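A.B. asks: Sharing a structure, written as structure tokens. Questions coming.
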Amino acid sequence: MPDTQQKWTTTLTVTAAEAKLNIRGLLRMWLVPKRLQHYLRIREDIKVNGVYRPYNSTVTVGDVVTITLRADELQTPVQTYLPDNSLSLPMLFENDQLLVVNKPSGVKSHPNRTDEAGTVMNFLTAQLAPQQVQPWMVHRLDMATSGAMIVAKTPLVVPILDRQISDKHIHRTYQAWVEGRFEHSTGSFTDKIGRDPNDRRKRLINGVGAQTAETHYQVLKETNKASLVSLTLMTGRTHQLRVHLAGNGHPIIGDPLYEQNLAYFQPKRMLLHAVQLSLILPFSGERVTIDAPLPAAFSESKS
């Protein structure tokens with residue numbers, strides 16, 4: 001069972017750009033949610049140079065700010081993943097707050113049961129153990145999709161990254177080989193996406209409970225029967241890229257759910273890869289762009 005008394009501490013040093021802000025303004029700049037700001041204040045769990053100060057106190061360059069979160073303050077329960085050291089996942093980026101992993105195709109993002117292993121979160125639980133850090137879910141990639149996936153190393157940055165996603169400050173770019181050729185080299189799909197009433201695994205354009213969805217595409221390469229496209233997610237609906245492409249006559253090659261025609265090319269995996277992530281690093285304000293190399297399957301002939 002998770003330890004309800006568990007705590008996590010983050011230590012930050014005030015920069016010149018943050019100096020002369022009061023503590024409330026500092027937390028607002030760092031995108032710490034108001035709910036957590038409240039707990040930090042009433043429990044005196046934010047300290048400057050080891051001492052709690054009122055929220056209207058100003059900070060100066062070099063001040064050391066220590067933030068402590070407690071398990072009962074988190075909106076979602078503390079997750080305990082079984083460690084699995086059978087696969088070491090390649091890291092594309094890592095700092096004290098988060099990492100970006102290059103997820104392989106065929107590996108689930110997270111387990112659905114407490115006794116399940118073999119997922120990204122299980123592998124990272126084992127990989128991060130020497131740091132005495134546990135992984136925290138930020139977003140997921142479909143099992144058949146590979147590429148760049150953000151994972152938090154402390155619960156404090158989860159709502160901060162969630163805010164970046166909702167405010168569209170995290171940019172996600174994918175590449176996919178799809179069936180057919182496009183009439184236009186660039187364009188957008190804006191079909192609403194909902195549940196498929198006949199298959200609980202699937203989503204459908206204008207399905208049950210349809211929600212707005214937006215995907216931009218650019219054709220990078222064409223063969224006689226297929227196209228390599230760059231895809232940018234503007235929203236994050238389940239199976240959005242797969243449904244938008246299949247619903248507009250260009251299913252992703254190798255898609256086990258949405259591609260019906262495998263007569264001319266049968267890859268060993270779905271050819272969808274999260275090739276690039278751009279995000280603002282929590283607390284620093286620095287924007288970084290992280291690339292995930294294309295798998296070898298993307299260079300195989302699609303003629």
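The chains in the structure tokens are called A, B, ... from first to last as shown; in each chain the residues are counted from 1, and the ligands are counted from 1 in the order shown.
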Can you pull out the residues contacting range 120-129 of chain A? Cut-off 6 Å, using only C-alpha atoms, and skip same-chain residues under 3 positions away; I want them as a PDB file with N, CA and C atoms, in the first residue's frame.

C.D. replies:
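The result, written out as part_3.pdb:
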```pdb
ATOM      1  N   TYR A  81       4.372   1.265  -8.675  1.00  0.00           N
ATOM      2  CA  TYR A  81       4.574   0.382  -9.823  1.00  0.00           C
ATOM      3  C   TYR A  81       5.584  -0.705  -9.461  1.00  0.00           C
ATOM      4  N   LEU A  82       5.322  -1.911  -9.921  1.00  0.00           N
ATOM      5  CA  LEU A  82       6.292  -2.976  -9.733  1.00  0.00           C
ATOM      6  C   LEU A  82       7.552  -2.652 -10.536  1.00  0.00           C
ATOM      7  N   PRO A  83       8.730  -2.708  -9.930  1.00  0.00           N
ATOM      8  CA  PRO A  83       9.949  -2.480 -10.710  1.00  0.00           C
ATOM      9  C   PRO A  83      10.206  -3.633 -11.665  1.00  0.00           C
ATOM     10  N   ASP A  84      10.632  -3.280 -12.878  1.00  0.00           N
ATOM     11  CA  ASP A  84      10.924  -4.285 -13.904  1.00  0.00           C
ATOM     12  C   ASP A  84      12.219  -3.863 -14.594  1.00  0.00           C
ATOM     13  N   ASN A  85      13.265  -4.619 -14.371  1.00  0.00           N
ATOM     14  CA  ASN A  85      14.573  -4.268 -14.945  1.00  0.00           C
ATOM     15  C   ASN A  85      14.898  -5.090 -16.185  1.00  0.00           C
ATOM     16  N   SER A 109       2.311   2.287 -21.970  1.00  0.00           N
ATOM     17  CA  SER A 109       2.800   3.430 -21.191  1.00  0.00           C
ATOM     18  C   SER A 109       2.725   3.156 -19.697  1.00  0.00           C
ATOM     19  N   HIS A 110       1.674   2.514 -19.251  1.00  0.00           N
ATOM     20  CA  HIS A 110       1.482   2.283 -17.821  1.00  0.00           C
ATOM     21  C   HIS A 110       0.671   1.008 -17.611  1.00  0.00           C
ATOM     22  N   ALA A 117       3.465  -5.782 -14.957  1.00  0.00           N
ATOM     23  CA  ALA A 117       4.795  -5.246 -15.240  1.00  0.00           C
ATOM     24  C   ALA A 117       4.942  -5.103 -16.752  1.00  0.00           C
ATOM     25  N   GLN A 132      16.621   7.162  -5.980  1.00  0.00           N
ATOM     26  CA  GLN A 132      15.555   7.225  -4.967  1.00  0.00           C
ATOM     27  C   GLN A 132      14.423   8.131  -5.442  1.00  0.00           C
ATOM     28  N   VAL A 133      14.067   7.936  -6.720  1.00  0.00           N
ATOM     29  CA  VAL A 133      13.019   8.719  -7.373  1.00  0.00           C
ATOM     30  C   VAL A 133      12.025   7.749  -7.989  1.00  0.00           C
ATOM     31  N   GLN A 134      10.741   8.122  -7.996  1.00  0.00           N
ATOM     32  CA  GLN A 134       9.730   7.304  -8.657  1.00  0.00           C
ATOM     33  C   GLN A 134       9.146   8.066  -9.845  1.00  0.00           C
TER      34      GLN A 134
END
```

A.B. asks: Check the DSSP output for the backbone and give back, as number ranges by chain, the residues of range 100-162 of chain A in helix (DSSP H, G or I).

C.D. replies: A: 120-131, 157-162

A.B. asks: Determine, counting only C-alpha atoms, which protein, DNA and RNA residues have an atom within 10 Å of an atom of Asn56 in chain A; residues of the same chain fewer than 6 positions away are not included. Present the result as a list in words.

C.D. replies: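 My reading of the contact set: Leu21, Asn22, Ile23, Arg24 and Gly25 of chain A.
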
A.B. asks: Go ahead and write the selection's residues with C-alpha atoms as a PDB file, in the first residue's frame.

C.D. replies:
```
ATOM      1  CA  LEU A  21       9.067  38.934  -6.458  1.00  0.00           C
ATOM      2  CA  ASN A  22       7.145  38.035  -3.348  1.00  0.00           C
ATOM      3  CA  ILE A  23       6.642  34.367  -2.552  1.00  0.00           C
ATOM      4  CA  ARG A  24       3.099  34.380  -3.945  1.00  0.00           C
ATOM      5  CA  GLY A  25       4.347  35.892  -7.213  1.00  0.00           C
TER       6      GLY A  25
END
```

A.B. asks: Between A:Arg203, A:Gln218, A:Leu272, A:Gly118, which one has atoms that come closest to Val178 in chain A, using only C-alpha atoms?

C.D. replies: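 Going through A:Arg203, A:Gln218, A:Leu272, A:Gly118 one by one, the smallest distance to Val178 in chain A is for A:Leu272.
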
A.B. asks: CA of Arg195 in chain A and CA of Glu183 in chain A are how many Å apart?

C.D. replies: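 Separating CA of Arg195 in chain A from CA of Glu183 in chain A is a distance of 28.3 Å.
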
A.B. asks: With a distance cut-off of 10 Å and only C-alpha atoms, select the neighbouring residues of Trp30 in chain A, excluding the residue or stretch itself and same-chain residues fewer than 5 positions from it, and output the selection as an MDAnalysis selection string.

C.D. replies: chainID A and resid 18 24:25 157 160 281:285

A.B. asks: Would you mind reading off the distance between CA of Gln37 in chain A and CA of Phe93 in chain A, one decimal, in Å?

C.D. replies: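 Distance between the two atoms: 28.4 Å.
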
A.B. asks: From the set A:Thr58, A:Val48, A:Gly106, A:Leu156, which residue has the shortest atom-to-atom contact distance to Lys7 in chain A, counting only C-alpha atoms?

C.D. replies: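 Closest candidate: A:Leu156.
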
A.B. asks: DSSP on the backbone: which residues in range 137-245 of chain A end up as strand (DSSP E or B)? Give the answer as a PyMOL selection string.

C.D. replies: chain A and resi 137+146-152+171-179+186-189+193-195+203-205+208-211+215-222+226-233

A.B. asks: Kindly indicate which residue among A:Val32, A:Ile67, A:Leu294, A:Ala17 lies nearest to Asn49 in chain A, using only C-alpha atoms for the distances.

C.D. replies: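 Of A:Val32, A:Ile67, A:Leu294, A:Ala17, the one nearest Asn49 in chain A is A:Ile67, counting only C-alpha atoms.
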
A.B. asks: Residues at most 12 Å from Pro295 in chain A, counting only C-alpha atoms, excluding those fewer than 4 positions away in the same chain, as an MDAnalysis selection string?

C.D. replies: chainID A and resid 102:105 145:147 175:176 268:275 299:300

A.B. asks: Tell me, as a list in words, which residues lie within 10 Å of Tyr39 in chain A, counting only C-alpha atoms; anything in the same chain fewer than 3 positions away does not count.

C.D. replies: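 Answer for this query is Lys34, Arg35, Leu36, Ile42, Arg43, Glu44, Asp45, Ile46, Thr68, Leu69, Arg70 and Glu73 of chain A.
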
A.B. asks: Applying 9 Å and only C-alpha atoms, which residues near Leu257 in chain A remain after dropping the ones on its own chain fewer than 2 positions away? List them as a ChimeraX atom specification.

C.D. replies: /A:201-202,242,254-255,259-260

A.B. asks: Could you dump the residues just selected with N, CA and C atoms as a compact mmCIF listing (two decimals), in the first residue's frame?

C.D. replies:
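Writing the result to part_33.txt gives the following:
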```txt
# COMPACT_ATOMS: atom_id res chain seq x y z
N ARG A 201 -12.79 -0.59 -27.82
CA ARG A 201 -11.37 -0.26 -27.97
C ARG A 201 -11.15 0.95 -28.86
N LYS A 202 -12.14 1.27 -29.70
CA LYS A 202 -11.92 2.22 -30.80
C LYS A 202 -12.62 3.55 -30.59
N ARG A 242 -4.69 8.50 -35.29
CA ARG A 242 -5.10 7.28 -35.97
C ARG A 242 -6.50 7.43 -36.55
N GLY A 254 0.10 -0.39 -40.80
CA GLY A 254 0.37 -1.26 -39.66
C GLY A 254 -0.52 -1.03 -38.46
N ASP A 255 -1.50 -0.13 -38.57
CA ASP A 255 -2.38 0.15 -37.44
C ASP A 255 -3.27 -1.07 -37.19
N GLU A 259 -6.48 0.18 -39.72
CA GLU A 259 -6.09 -0.08 -41.11
C GLU A 259 -6.64 -1.44 -41.54
N GLN A 260 -7.34 -1.46 -42.65
CA GLN A 260 -7.94 -2.69 -43.14
C GLN A 260 -7.13 -3.35 -44.25
```

A.B. asks: Have a look at A:Arg163, A:Arg172, A:Lys221, A:Lys108 and name the one nearest to Phe298 in chain A; count only C-alpha atoms.

C.D. replies: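 The answer is A:Lys221, which sits nearest to Phe298 in chain A.
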
A.B. asks: Go through A:Arg140, A:Lys192, A:His169, A:Arg113 and flag the residue nearest Gln79 in chain A, using only C-alpha atoms for the distances.

C.D. replies: A:Arg113
